[in-house]
>>> print(open('work11.cif').read())   # mmCIF, C-alpha atoms
data_data
#
loop_
_atom_site.label_atom_id
_atom_site.label_comp_id
_atom_site.auth_asym_id
_atom_site.auth_seq_id
_atom_site.Cartn_x
_atom_site.Cartn_y
_atom_site.Cartn_z
CA MET A 1446 -1.70 9.71 -17.69
CA THR A 1447 0.97 7.50 -19.18
CA VAL A 1448 1.66 4.03 -17.80
CA ARG A 1449 4.90 5.39 -16.42
CA GLU A 1450 3.14 8.23 -14.63
CA SER A 1451 0.52 5.95 -13.12
CA ILE A 1452 3.28 3.77 -11.65
CA GLU A 1453 5.27 6.80 -10.50
CA ASN A 1454 2.25 8.15 -8.62
CA LYS A 1455 1.55 4.94 -6.73
CA ASP A 1456 2.16 4.90 -2.99
CA ILE A 1457 5.23 3.02 -1.82
CA ALA A 1458 4.92 0.74 1.20
CA LEU A 1459 7.26 1.06 4.18
CA ILE A 1460 8.55 -2.42 3.46
CA ASP A 1461 9.69 -1.45 -0.04
CA ILE A 1462 11.48 1.57 1.38
CA LEU A 1463 13.21 -0.34 4.18
CA ASP A 1464 14.32 -3.03 1.76
CA VAL A 1465 16.16 -0.41 -0.22
CA ILE A 1466 17.50 2.10 2.32
CA LEU A 1467 18.78 -0.17 5.10
CA ASP A 1468 22.39 -1.10 5.34
CA LYS A 1469 23.30 -3.91 2.97
CA GLY A 1470 26.53 -3.74 1.00
CA VAL A 1471 27.18 -0.02 1.26
CA ALA A 1472 29.60 1.75 -1.00
CA ILE A 1473 30.27 4.74 1.23
CA LYS A 1474 30.41 4.03 4.95
CA GLY A 1475 29.63 6.63 7.54
CA ASP A 1476 31.47 7.09 10.83
CA LEU A 1477 28.73 5.59 12.93
CA ILE A 1478 28.12 1.90 12.57
CA ILE A 1479 24.43 1.26 12.88
CA SER A 1480 24.15 -2.47 12.57
CA ILE A 1481 20.58 -3.03 11.56
CA ALA A 1482 21.14 -6.70 10.87
CA GLY A 1483 18.21 -7.49 13.16
CA VAL A 1484 15.82 -6.15 10.55
CA ASP A 1485 16.09 -9.15 8.25
CA LEU A 1486 13.32 -8.47 5.82
CA VAL A 1487 12.64 -12.06 4.99
CA TYR A 1488 11.28 -12.73 8.47
CA LEU A 1489 10.24 -9.29 9.63
CA ASP A 1490 8.37 -8.79 12.86
CA LEU A 1491 4.68 -8.42 12.20
CA ARG A 1492 4.75 -4.88 13.60
CA VAL A 1493 6.34 -3.58 10.44
CA LEU A 1494 3.72 -5.32 8.36
CA ILE A 1495 0.93 -3.73 10.37
CA SER A 1496 2.41 -0.27 9.99
CA SER A 1497 3.02 -0.65 6.29
CA VAL A 1498 -0.53 -1.77 5.64
CA GLU A 1499 -1.84 1.08 7.83
CA THR A 1500 0.30 3.56 5.96
CA LEU A 1501 -0.97 2.38 2.59
CA VAL A 1502 -4.57 2.67 3.75
CA GLN A 1503 -4.12 6.09 5.33
CA HIS A 1504 -2.16 7.46 2.45
CA LYS A 1505 -4.92 6.51 0.06
CA GLN A 1506 -7.32 8.33 2.34
CA GLY A 1507 -4.97 11.31 2.27
CA THR A 1508 -4.23 11.23 5.97
CA ARG A 1509 -0.82 9.75 6.36
CA LYS A 1510 -0.30 9.97 10.11
CA THR A 1511 2.05 7.67 11.94
CA VAL A 1512 0.49 4.67 13.65
CA THR A 1513 0.22 5.35 17.37
CA SER A 1514 1.55 2.97 19.96
CA ASP A 1515 -1.99 2.62 21.34
CA GLN A 1516 -3.06 1.18 18.03
CA PHE A 1517 -0.07 -1.15 18.07
CA ASP A 1518 -0.93 -2.32 21.55
CA LYS A 1519 -4.49 -3.02 20.48
CA GLU A 1520 -3.29 -4.95 17.44
CA ARG A 1521 -0.84 -6.90 19.54
CA GLU A 1522 -3.60 -7.91 21.97
CA GLY A 1523 -5.61 -9.06 19.00
CA LEU A 1524 -2.72 -11.14 17.74
CA ILE A 1525 -2.12 -12.71 21.14
CA HIS A 1526 -5.78 -13.61 21.33
CA ALA A 1527 -5.83 -15.00 17.82
CA THR A 1528 -2.61 -16.95 17.92
CA GLY A 1529 -2.49 -17.89 21.58
CA GLN A 1530 1.19 -17.05 21.50
CA ARG A 1531 1.50 -14.65 24.40
CA ASP A 1532 5.29 -14.45 24.51
CA LYS A 1533 5.74 -13.78 20.85
CA TRP A 1534 3.57 -10.67 20.75
CA ALA A 1535 3.66 -9.46 24.36
CA ASN A 1536 3.93 -5.72 24.90
CA MET B 417 31.52 18.73 19.95
CA SER B 418 30.64 19.68 16.38
CA ASP B 419 27.34 18.68 14.83
CA LEU B 420 26.99 15.32 13.16
CA LEU B 421 26.40 15.32 9.42
CA TYR B 422 23.62 13.16 7.97
CA LEU B 423 24.58 12.33 4.40
CA TYR B 424 21.66 11.80 2.03
CA GLY B 425 23.53 11.51 -1.26
CA LEU B 426 26.27 12.74 -3.55
CA ILE B 427 25.75 14.72 -6.75
CA PRO B 428 28.17 16.09 -9.36
CA THR B 429 29.29 19.60 -8.44
CA LYS B 430 28.74 20.62 -12.05
CA GLU B 431 25.01 19.83 -11.69
CA ALA B 432 24.84 21.44 -8.24
CA ASN B 433 26.10 24.68 -9.76
CA GLU B 434 23.49 24.62 -12.51
CA LYS B 435 20.52 24.22 -10.17
CA SER B 436 20.34 25.15 -6.51
CA LEU B 437 18.94 22.76 -3.92
CA PRO B 438 15.37 23.62 -2.94
CA SER B 439 14.54 24.29 0.69
CA MET B 440 14.01 20.95 2.49
CA LYS B 441 13.67 20.07 6.16
CA GLY B 442 16.35 17.84 7.69
CA PHE B 443 16.22 14.53 9.53
CA ASP B 444 15.34 16.04 12.91
CA GLY B 445 12.55 18.12 11.37
CA GLU B 446 14.24 21.34 12.40
CA GLY B 447 17.39 22.09 10.42
CA GLU B 448 17.53 22.40 6.65
CA LEU B 449 19.39 20.43 4.03
CA TYR B 450 22.47 22.08 2.56
CA THR B 451 25.36 21.20 0.29
CA ILE B 452 29.10 20.79 0.86
CA GLU B 453 31.26 21.07 -2.22
CA ILE B 454 34.18 18.62 -2.21
CA GLY B 455 35.89 19.12 -5.54
CA ASP B 456 33.80 17.60 -8.34
CA VAL B 457 31.50 15.92 -5.85
CA THR B 458 28.87 17.75 -3.80
CA ALA B 459 27.43 16.21 -0.66
CA ILE B 460 23.81 16.74 0.35
CA VAL B 461 23.63 16.85 4.13
CA CYS B 462 21.89 18.15 7.21
CA ASP B 463 23.17 18.74 10.76
CA LEU B 464 22.23 16.60 13.74
CA GLN B 465 22.89 16.96 17.46
CA PRO B 466 25.53 14.38 18.47
CA ASN B 467 24.02 13.79 21.92
CA GLU B 468 20.66 12.91 20.35
CA TYR B 469 22.04 10.63 17.65
CA SER B 470 24.59 8.15 18.92
CA GLU B 471 25.03 4.62 17.56
CA GLU B 472 23.16 3.17 20.52
CA THR B 473 20.30 5.65 20.37
CA ILE B 474 19.70 5.07 16.68
CA LYS B 475 19.99 1.31 16.88
CA ASP B 476 17.59 1.28 19.81
CA LYS B 477 15.08 3.37 17.89
CA VAL B 478 15.35 1.26 14.75
CA ASP B 479 14.81 -1.95 16.68
CA ASN B 480 12.12 -0.76 19.08
CA ASP B 481 10.40 2.39 17.89
CA MET B 482 8.33 1.53 14.84
CA ASP B 483 6.72 4.97 14.71
CA TRP B 484 10.13 6.62 14.59
CA LEU B 485 11.46 4.20 11.99
CA GLN B 486 8.43 4.66 9.76
CA GLU B 487 8.59 8.47 9.95
CA LYS B 488 12.33 8.69 9.39
CA ALA B 489 12.42 6.03 6.66
CA PHE B 490 9.77 7.89 4.69
CA HIS B 491 11.64 11.14 5.27
CA HIS B 492 14.89 9.66 3.95
CA HIS B 493 13.16 8.11 0.95
CA GLU B 494 11.17 11.19 -0.03
CA THR B 495 14.15 13.50 0.41
CA VAL B 496 16.46 11.34 -1.70
CA LEU B 497 13.71 10.78 -4.29
CA MET B 498 13.13 14.53 -4.66
CA VAL B 499 16.87 15.12 -5.12
CA SER B 500 17.08 12.25 -7.64
CA LYS B 501 14.51 13.99 -9.83
CA MET B 502 16.72 17.05 -10.09
CA TYR B 503 20.27 15.64 -10.20
CA THR B 504 22.30 12.52 -10.94
CA ILE B 505 22.55 11.16 -7.41
CA ILE B 506 24.50 8.44 -5.64
CA PRO B 507 22.01 7.78 -2.83
CA LEU B 508 23.28 6.84 0.62
CA LYS B 509 21.71 4.32 2.95
CA PHE B 510 19.56 5.26 5.94
CA CYS B 511 21.56 6.92 8.74
CA THR B 512 24.94 7.40 7.09
CA LEU B 513 26.41 9.82 9.59
CA TYR B 514 29.75 11.61 9.86
CA LYS B 515 31.31 13.03 13.01
CA ASN B 516 32.32 16.22 11.24
CA GLU B 517 32.96 17.81 7.86
CA ASP B 518 36.62 16.74 7.75
CA SER B 519 35.70 13.12 8.14
CA LEU B 520 33.14 13.39 5.31
CA LYS B 521 35.64 15.14 3.07
CA SER B 522 38.37 12.57 3.58
CA THR B 523 35.91 9.73 2.85
CA ILE B 524 34.89 11.39 -0.41
CA GLU B 525 38.52 12.12 -1.34
CA GLY B 526 39.34 8.46 -0.85
CA SER B 527 36.67 7.35 -3.34
CA ARG B 528 36.88 10.18 -5.85
CA ASN B 529 37.59 8.10 -8.96
CA LYS B 530 34.96 5.50 -8.20
CA LEU B 531 32.41 8.22 -7.59
CA GLU B 532 33.18 9.85 -10.94
CA THR B 533 32.79 6.51 -12.73
CA THR B 534 29.52 5.84 -10.94
CA PHE B 535 28.13 9.26 -11.87
CA THR B 536 28.90 8.51 -15.51
CA GLN B 537 27.20 5.13 -15.26
CA LEU B 538 24.08 6.59 -13.66
CA ASP B 539 23.65 9.72 -15.76
CA GLY B 540 20.47 9.51 -17.81
CA ASN B 541 19.38 6.20 -16.24
CA GLU B 542 16.71 5.18 -13.76
CA GLU B 543 16.23 2.30 -11.35
CA TRP B 544 12.98 0.31 -11.53
CA ASN B 545 11.78 -2.60 -9.41
CA VAL B 546 9.65 -5.49 -10.69
CA LYS B 547 7.93 -8.04 -8.47
CA ILE B 548 5.97 -11.03 -9.70
CA TYR B 549 3.28 -12.65 -7.55
CA CYS B 550 1.35 -15.80 -8.30
CA ASP B 551 -1.79 -17.41 -7.00
CA ASP B 552 -0.37 -20.88 -6.33
CA LYS B 553 -3.78 -22.51 -5.98
CA LEU B 554 -4.99 -21.25 -9.33
CA LEU B 555 -1.76 -22.00 -11.12
CA LYS B 556 -1.55 -25.46 -9.58
CA LYS B 557 -5.01 -26.24 -10.91
CA GLN B 558 -4.02 -25.09 -14.37
CA VAL B 559 -0.75 -27.02 -14.31
CA SER B 560 -2.42 -30.22 -13.22
CA GLU B 561 -5.18 -29.88 -15.81
CA SER B 562 -3.11 -28.91 -18.79
CA ASN B 563 -0.17 -31.24 -18.35
CA PRO B 564 -0.66 -34.37 -20.54
CA SER B 565 1.64 -36.64 -18.53
CA ILE B 566 -0.25 -35.76 -15.35
CA GLU B 567 -3.55 -36.43 -17.09
CA ALA B 568 -2.26 -39.80 -18.25
CA LYS B 569 -1.06 -40.68 -14.75
CA ARG B 570 -4.48 -39.79 -13.34
CA LYS B 571 -6.19 -42.11 -15.75
CA GLU B 572 -3.79 -44.90 -14.75
CA ILE B 573 -4.52 -44.30 -11.08
CA SER B 574 -8.29 -44.39 -11.48
CA GLU B 575 -7.97 -47.99 -12.70
CA LEU B 576 -5.99 -49.13 -9.66
CA PRO B 577 -7.38 -50.75 -6.50
CA LYS B 578 -8.41 -48.17 -3.83
CA GLY B 579 -5.44 -48.92 -1.55
CA ARG B 580 -2.88 -48.29 -4.28
CA GLN B 581 -4.74 -45.16 -5.37
CA PHE B 582 -4.01 -43.33 -2.11
CA PHE B 583 -0.25 -43.65 -2.48
CA GLU B 584 -0.25 -43.00 -6.19
CA LYS B 585 -2.29 -39.85 -5.66
CA LYS B 586 0.33 -38.61 -3.20
CA LYS B 587 3.00 -39.16 -5.82
CA ILE B 588 0.99 -37.22 -8.33
CA ASP B 589 0.65 -34.34 -5.89
CA GLN B 590 4.41 -34.25 -5.59
CA LEU B 591 4.73 -34.34 -9.35
CA ILE B 592 2.28 -31.46 -9.65
CA ASP B 593 4.20 -29.46 -7.04
CA ARG B 594 7.42 -29.96 -8.97
CA GLU B 595 5.73 -28.99 -12.22
CA LEU B 596 4.30 -25.92 -10.48
CA GLU B 597 7.77 -24.79 -9.35
CA ASN B 598 9.17 -25.44 -12.82
CA GLU B 599 6.40 -23.46 -14.45
CA LYS B 600 6.86 -20.56 -12.01
CA ASN B 601 10.61 -20.41 -12.63
CA ARG B 602 10.17 -20.79 -16.36
CA LEU B 603 7.74 -17.92 -16.59
CA CYS B 604 9.63 -15.59 -14.24
CA GLU B 605 12.90 -16.18 -16.05
CA GLU B 606 11.22 -15.59 -19.39
CA VAL B 607 9.72 -12.29 -18.21
CA HIS B 608 13.02 -11.27 -16.62
CA GLU B 609 15.01 -11.93 -19.80
CA LYS B 610 12.50 -10.01 -21.89
CA LEU B 611 12.56 -7.01 -19.54
CA LYS B 612 16.35 -7.14 -19.33
CA GLU B 613 16.48 -6.39 -23.06
CA HIS B 614 15.45 -2.81 -22.29
CA SER B 615 17.96 -2.41 -19.49
CA LEU B 616 21.65 -1.86 -18.83
CA HIS B 617 21.57 -4.16 -15.82
CA GLY B 618 19.00 -6.47 -14.28
CA ASN B 619 19.52 -8.00 -10.84
CA ILE B 620 17.51 -10.61 -9.02
CA LYS B 621 16.66 -9.98 -5.38
CA LYS B 622 15.37 -12.16 -2.57
CA ASN B 623 11.69 -12.96 -2.49
CA TRP B 624 9.68 -11.98 0.57
CA SER B 625 7.55 -14.38 2.56
CA LYS B 626 3.79 -13.93 2.90
CA ASP B 627 4.33 -12.76 6.50
CA VAL B 628 6.15 -9.75 5.15
CA THR B 629 3.95 -8.94 2.16
CA GLY B 630 0.69 -9.71 3.94
CA ARG B 631 -0.68 -11.00 0.67
CA GLN B 632 -2.52 -14.17 -0.28
CA GLU B 633 -0.27 -14.72 -3.29
CA HIS B 634 3.33 -15.83 -3.15
CA MET B 635 6.08 -13.53 -4.29
CA ALA B 636 7.69 -15.52 -7.08
CA TRP B 637 10.20 -12.99 -8.34
CA ASN B 638 11.85 -9.79 -7.11
CA SER B 639 14.14 -7.86 -9.42
CA VAL B 640 15.67 -4.47 -10.04
CA PHE B 641 16.75 -2.87 -13.34
CA LEU B 642 18.84 0.09 -14.44
CA LEU B 643 17.17 1.57 -17.52
CA PRO B 644 18.09 4.40 -19.85
CA LEU B 645 15.36 7.03 -19.53
CA SER B 646 14.51 6.60 -23.20
CA ASN B 647 13.65 2.91 -22.64
CA VAL B 648 11.34 3.33 -19.65
CA ASP B 649 8.13 3.71 -21.63
CA GLU B 650 8.62 0.52 -23.61
CA PHE B 651 9.70 -1.26 -20.39
CA VAL B 652 6.50 -0.35 -18.53
CA ASP B 653 4.39 -1.05 -21.62
CA GLU B 654 5.89 -4.54 -21.84
CA ILE B 655 5.01 -5.11 -18.17
CA LYS B 656 1.46 -3.90 -18.76
CA GLN B 657 1.17 -6.34 -21.67
CA TYR B 658 2.36 -9.24 -19.54
CA GLU B 659 -0.14 -8.27 -16.84
CA GLU B 660 -2.98 -8.38 -19.34
CA GLU B 661 -1.87 -11.70 -20.82
CA LEU B 662 -1.16 -13.46 -17.54
CA GLY B 663 -3.61 -11.91 -15.10
CA HIS B 664 -6.32 -14.52 -15.61
CA ALA B 665 -3.81 -17.31 -14.93
CA GLY B 666 -3.21 -15.93 -11.42
CA TRP B 667 -0.07 -13.86 -12.12
CA LYS B 668 0.48 -10.29 -10.95
CA ILE B 669 3.43 -8.35 -12.31
CA GLU B 670 4.07 -5.13 -10.43
CA ALA B 671 6.56 -2.45 -11.27
CA SER B 672 7.57 0.39 -8.96
CA GLY B 673 9.76 3.34 -9.78
CA PRO B 674 11.61 5.36 -10.63
CA TRP B 675 13.77 4.76 -7.59
CA PRO B 676 16.98 6.58 -6.74
CA PRO B 677 19.68 4.15 -7.95
CA TYR B 678 20.34 2.44 -4.61
CA HIS B 679 21.15 -0.89 -6.25
CA PHE B 680 23.51 0.41 -8.88
CA SER B 681 25.65 2.83 -6.88
CA SER B 682 27.81 0.33 -5.03
CA PHE B 683 31.37 -0.35 -5.96
CA SER B 684 34.04 -2.37 -4.24
#
>>> encode(input="work11.cif", output="structure tokens")
Amino acid sequence: MTVRESIENKDIALIDILDVILDKGVAIKGDLIISIAGVDLVYLDLRVLISSVETLVQHKQGTRKTVTSDQFDKEREGLIHATGQRDKWAN
Amino acid sequence: MSDLLYLYGLIPTKEANEKSLPSMKGFDGEGELYTIEIGDVTAIVCDLQPNEYSEETIKDKVDNDMDWLQEKAFHHHETVLMVSKMYTIIPLKFCTLYKNEDSLKSTIEGSRNKLETTFTQLDGNEEWNVKIYCDDKLLKKQVSESNPSIEAKRKEISELPKGRQFFEKKKIDQLIDRELENEKNRLCEEVHEKLKEHSLHGNIKKNWSKDVTGRQEHMAWNSVFLLPLSNVDEFVDEIKQYEEELGHAGWKIEASGPWPPYHFSSFS
């Protein structure tokens, strides 16, 4: 495999995809205005991080299923417990 | 009410006529992708139910339904990527929707010349992303040990009374931090300039915080390049070389690609 091919075959994280496909300086505007300004990638909510890490792990295991909301809830509880910041991560 | 059109990208009609679009599932997982010829430009679209996909519904899902966002973002990316491997494509952003075909057509008509120019600029070229990470702790150690003026300062400090030493050490820490930032910028700019030599364009993007990357290392550089296909091998080889040279010093240089040319398809 060439260097190029080995890079091409690597899994892409959700964060890399969102960084590129979300609305920032579009050339062609659609009719619907979906302002996704809230998803400022520099300070993203930890939920996206969790899902992107999960996706990377599952993809490598060949089972890319979407993260369930049960798993999210469990992870949120863990975060609340760890950080003591109930409001920030509350379900 | 007619169906909404989800626009994935635009390709030259000439290319669309040479190769037909393979069968691909649409955004809602039910319909299929199809093409709409608009003069020299062909749009790659799928139909969506207007009552299911309003501005509010989509925004609500993007902000609150991570599962949905993940699934649909991957769908958009993989669909556009597959098309980009077959045609010269101007990729559209996530959820670019039109109320009907007429609206899409008039938008394309309005930008016809710019689209033609962009196709010409993109033909035969690929977009690649390069991120540089550094282990600040390791690099800081190296900077403070290899810098002669810092070494000299340290020697000076060790001969001072204990009280003075505390404050002087703080000043040295600040000096080391500044030197660390300088060294990081110096190296990233050097790598960027070298890589740019293989490219038509090289843009610098925002770095992401550790919260976003989830990594121990800091993202020191984030960049995107438009490369002629014929230069890609030497570009990735150069990156591999840098990785080998700089890995032990706590640097990680990571390329990803080829990407559909999202960063080089805009025009004002």
>>> residues_around(input="work11.cif", residues="Lys1455 in chain A", least_positions_apart="2", cutoff="12 Å", atoms="all atoms listed in the file", output="compact mmCIF listing (two decimals) with C-alpha atoms, keeping the file's coordinate frame")
# COMPACT_ATOMS: atom_id res chain seq x y z
CA VAL A 1448 1.66 4.03 -17.80
CA ARG A 1449 4.90 5.39 -16.42
CA GLU A 1450 3.14 8.23 -14.63
CA SER A 1451 0.52 5.95 -13.12
CA ILE A 1452 3.28 3.77 -11.65
CA GLU A 1453 5.27 6.80 -10.50
CA ILE A 1457 5.23 3.02 -1.82
CA ALA A 1458 4.92 0.74 1.20
CA LEU A 1501 -0.97 2.38 2.59
CA HIS A 1504 -2.16 7.46 2.45
CA LYS A 1505 -4.92 6.51 0.06
CA GLU B 670 4.07 -5.13 -10.43
CA ALA B 671 6.56 -2.45 -11.27
CA SER B 672 7.57 0.39 -8.96
CA GLY B 673 9.76 3.34 -9.78
CA PRO B 674 11.61 5.36 -10.63
>>> closest_residue(input="work11.cif", among="B:Gln590, B:Asn480, B:Ser522, B:Gln465", to="Ser560 in chain B", atoms="only C-alpha atoms")
B:Gln590
>>> resolve_selection(input="work11.cif", expression="the PyMOL selection byres ((chain B) within 7 of (chain A))", output="PyMOL selection string")
chain B and resi 471+475+483+486-487+489+493+509-510+512-515+624-625+628+630+649+652-653+672-674+678+682-684
>>> residues_around(input="work11.cif", residues="range 432-449 of chain B", least_positions_apart="2", cutoff="9 Å", atoms="all atoms listed in the file", output="list in words")
Tyr422, Ile427, Pro428, Thr429, Lys430, Thr451, Glu453, Val457, Thr458, Ile460, Val461, Cys462, Asp463, Leu464, Gln465, Lys488, His491, His492, Thr495, Val499, Met502 and Tyr503 of chain B
>>> write_last_selection(input="work11.cif", atoms="C-alpha atoms", output="CSV table (one decimal), in the coordinates of the input")
chain,number,residue,atom,x,y,z
B,422,TYR,CA,23.6,13.2,8.0
B,427,ILE,CA,25.8,14.7,-6.8
B,428,PRO,CA,28.2,16.1,-9.4
B,429,THR,CA,29.3,19.6,-8.4
B,430,LYS,CA,28.7,20.6,-12.0
B,451,THR,CA,25.4,21.2,0.3
B,453,GLU,CA,31.3,21.1,-2.2
B,457,VAL,CA,31.5,15.9,-5.8
B,458,THR,CA,28.9,17.8,-3.8
B,460,ILE,CA,23.8,16.7,0.4
B,461,VAL,CA,23.6,16.8,4.1
B,462,CYS,CA,21.9,18.2,7.2
B,463,ASP,CA,23.2,18.7,10.8
B,464,LEU,CA,22.2,16.6,13.7
B,465,GLN,CA,22.9,17.0,17.5
B,488,LYS,CA,12.3,8.7,9.4
B,491,HIS,CA,11.6,11.1,5.3
B,492,HIS,CA,14.9,9.7,4.0
B,495,THR,CA,14.2,13.5,0.4
B,499,VAL,CA,16.9,15.1,-5.1
B,502,MET,CA,16.7,17.0,-10.1
B,503,TYR,CA,20.3,15.6,-10.2
>>> atom_distance(input="work11.cif", atom1="CA of Lys586 in chain B", atom2="CA of Asp551 in chain B")
21.6 Å
>>> atom_distance(input="work11.cif", atom1="CA of Tyr658 in chain B", atom2="CA of Val546 in chain B")
12.1 Å
>>> residues_around(input="work11.cif", residues="Gly663 in chain B", least_positions_apart="3", cutoff="12 Å", atoms="all atoms listed in the file", output="PyMOL selection string")
chain B and resi 548-551+554-555+655-660+666-670
>>> write_last_selection(input="work11.cif", atoms="C-alpha atoms", output="PDB file, in the coordinates of the input")
ATOM      1  CA  ILE B 548       5.970 -11.030  -9.700  1.00  0.00           C
ATOM      2  CA  TYR B 549       3.280 -12.650  -7.550  1.00  0.00           C
ATOM      3  CA  CYS B 550       1.350 -15.800  -8.300  1.00  0.00           C
ATOM      4  CA  ASP B 551      -1.790 -17.410  -7.000  1.00  0.00           C
ATOM      5  CA  LEU B 554      -4.990 -21.250  -9.330  1.00  0.00           C
ATOM      6  CA  LEU B 555      -1.760 -22.000 -11.120  1.00  0.00           C
ATOM      7  CA  ILE B 655       5.010  -5.110 -18.170  1.00  0.00           C
ATOM      8  CA  LYS B 656       1.460  -3.900 -18.760  1.00  0.00           C
ATOM      9  CA  GLN B 657       1.170  -6.340 -21.670  1.00  0.00           C
ATOM     10  CA  TYR B 658       2.360  -9.240 -19.540  1.00  0.00           C
ATOM     11  CA  GLU B 659      -0.140  -8.270 -16.840  1.00  0.00           C
ATOM     12  CA  GLU B 660      -2.980  -8.380 -19.340  1.00  0.00           C
ATOM     13  CA  GLY B 666      -3.210 -15.930 -11.420  1.00  0.00           C
ATOM     14  CA  TRP B 667      -0.070 -13.860 -12.120  1.00  0.00           C
ATOM     15  CA  LYS B 668       0.480 -10.290 -10.950  1.00  0.00           C
ATOM     16  CA  ILE B 669       3.430  -8.350 -12.310  1.00  0.00           C
ATOM     17  CA  GLU B 670       4.070  -5.130 -10.430  1.00  0.00           C
TER      18      GLU B 670
END
>>> atom_distance(input="work11.cif", atom1="CA of Leu576 in chain B", atom2="CA of Asp589 in chain B")
16.6 Å
>>> residues_around(input="work11.cif", residues="Leu642 in chain B", least_positions_apart="4", cutoff="7 Å", atoms="only C-alpha atoms", output="number ranges by chain")
B: 541-544, 615-618
>>> residues_around(input="work11.cif", residues="Val496 in chain B", least_positions_apart="4", cutoff="10 Å", atoms="only C-alpha atoms", output="ChimeraX atom specification")
/B:424-425,460,490-492,500-501,505-509,675-676
>>> write_last_selection(input="work11.cif", atoms="C-alpha atoms", output="PDB file, in the coordinates of the input")
ATOM      1  CA  TYR B 424      21.660  11.800   2.030  1.00  0.00           C
ATOM      2  CA  GLY B 425      23.530  11.510  -1.260  1.00  0.00           C
ATOM      3  CA  ILE B 460      23.810  16.740   0.350  1.00  0.00           C
ATOM      4  CA  PHE B 490       9.770   7.890   4.690  1.00  0.00           C
ATOM      5  CA  HIS B 491      11.640  11.140   5.270  1.00  0.00           C
ATOM      6  CA  HIS B 492      14.890   9.660   3.950  1.00  0.00           C
ATOM      7  CA  SER B 500      17.080  12.250  -7.640  1.00  0.00           C
ATOM      8  CA  LYS B 501      14.510  13.990  -9.830  1.00  0.00           C
ATOM      9  CA  ILE B 505      22.550  11.160  -7.410  1.00  0.00           C
ATOM     10  CA  ILE B 506      24.500   8.440  -5.640  1.00  0.00           C
ATOM     11  CA  PRO B 507      22.010   7.780  -2.830  1.00  0.00           C
ATOM     12  CA  LEU B 508      23.280   6.840   0.620  1.00  0.00           C
ATOM     13  CA  LYS B 509      21.710   4.320   2.950  1.00  0.00           C
ATOM     14  CA  TRP B 675      13.770   4.760  -7.590  1.00  0.00           C
ATOM     15  CA  PRO B 676      16.980   6.580  -6.740  1.00  0.00           C
TER      16      PRO B 676
END
>>> closest_residue(input="work11.cif", among="B:Arg602, B:Lys521, B:His634, B:Arg570", to="Lys547 in chain B", atoms="all atoms listed in the file")
B:His634
>>> closest_residue(input="work11.cif", among="B:Glu517, B:Glu494, B:Glu609, B:Glu472", to="Ile454 in chain B", atoms="only C-alpha atoms")
B:Glu517
>>> resolve_selection(input="work11.cif", expression="the PyMOL selection byres ((chain B and resi 646) around 10)", output="PDB file with C-alpha atoms, in the coordinates of the input")
ATOM      1  CA  GLY B 540      20.470   9.510 -17.810  1.00  0.00           C
ATOM      2  CA  ASN B 541      19.380   6.200 -16.240  1.00  0.00           C
ATOM      3  CA  GLU B 542      16.710   5.180 -13.760  1.00  0.00           C
ATOM      4  CA  HIS B 614      15.450  -2.810 -22.290  1.00  0.00           C
ATOM      5  CA  LEU B 643      17.170   1.570 -17.520  1.00  0.00           C
ATOM      6  CA  PRO B 644      18.090   4.400 -19.850  1.00  0.00           C
ATOM      7  CA  LEU B 645      15.360   7.030 -19.530  1.00  0.00           C
ATOM      8  CA  ASN B 647      13.650   2.910 -22.640  1.00  0.00           C
ATOM      9  CA  VAL B 648      11.340   3.330 -19.650  1.00  0.00           C
ATOM     10  CA  ASP B 649       8.130   3.710 -21.630  1.00  0.00           C
ATOM     11  CA  GLU B 650       8.620   0.520 -23.610  1.00  0.00           C
ATOM     12  CA  PHE B 651       9.700  -1.260 -20.390  1.00  0.00           C
TER      13      PHE B 651
END
>>> build_atoms(input="work11.cif", residues="range 568-575 of chain B", atoms="N, CA and C atoms", output="compact mmCIF listing (two decimals), in the frame of the given file")
# COMPACT_ATOMS: atom_id res chain seq x y z
N ALA B 568 -2.43 -38.37 -17.98
CA ALA B 568 -2.26 -39.80 -18.25
C ALA B 568 -2.11 -40.57 -16.95
N LYS B 569 -1.29 -40.03 -16.06
CA LYS B 569 -1.06 -40.68 -14.75
C LYS B 569 -2.38 -40.83 -14.01
N ARG B 570 -3.20 -39.78 -14.05
CA ARG B 570 -4.48 -39.79 -13.34
C ARG B 570 -5.36 -40.91 -13.83
N LYS B 571 -5.37 -41.07 -15.15
CA LYS B 571 -6.19 -42.11 -15.75
C LYS B 571 -5.71 -43.47 -15.26
N GLU B 572 -4.39 -43.66 -15.26
CA GLU B 572 -3.79 -44.90 -14.75
C GLU B 572 -4.27 -45.18 -13.35
N ILE B 573 -4.20 -44.15 -12.49
CA ILE B 573 -4.52 -44.30 -11.08
C ILE B 573 -5.97 -44.71 -10.89
N SER B 574 -6.86 -44.12 -11.68
CA SER B 574 -8.29 -44.39 -11.48
C SER B 574 -8.62 -45.86 -11.74
N GLU B 575 -7.71 -46.58 -12.42
CA GLU B 575 -7.97 -47.99 -12.70
C GLU B 575 -7.32 -48.91 -11.69
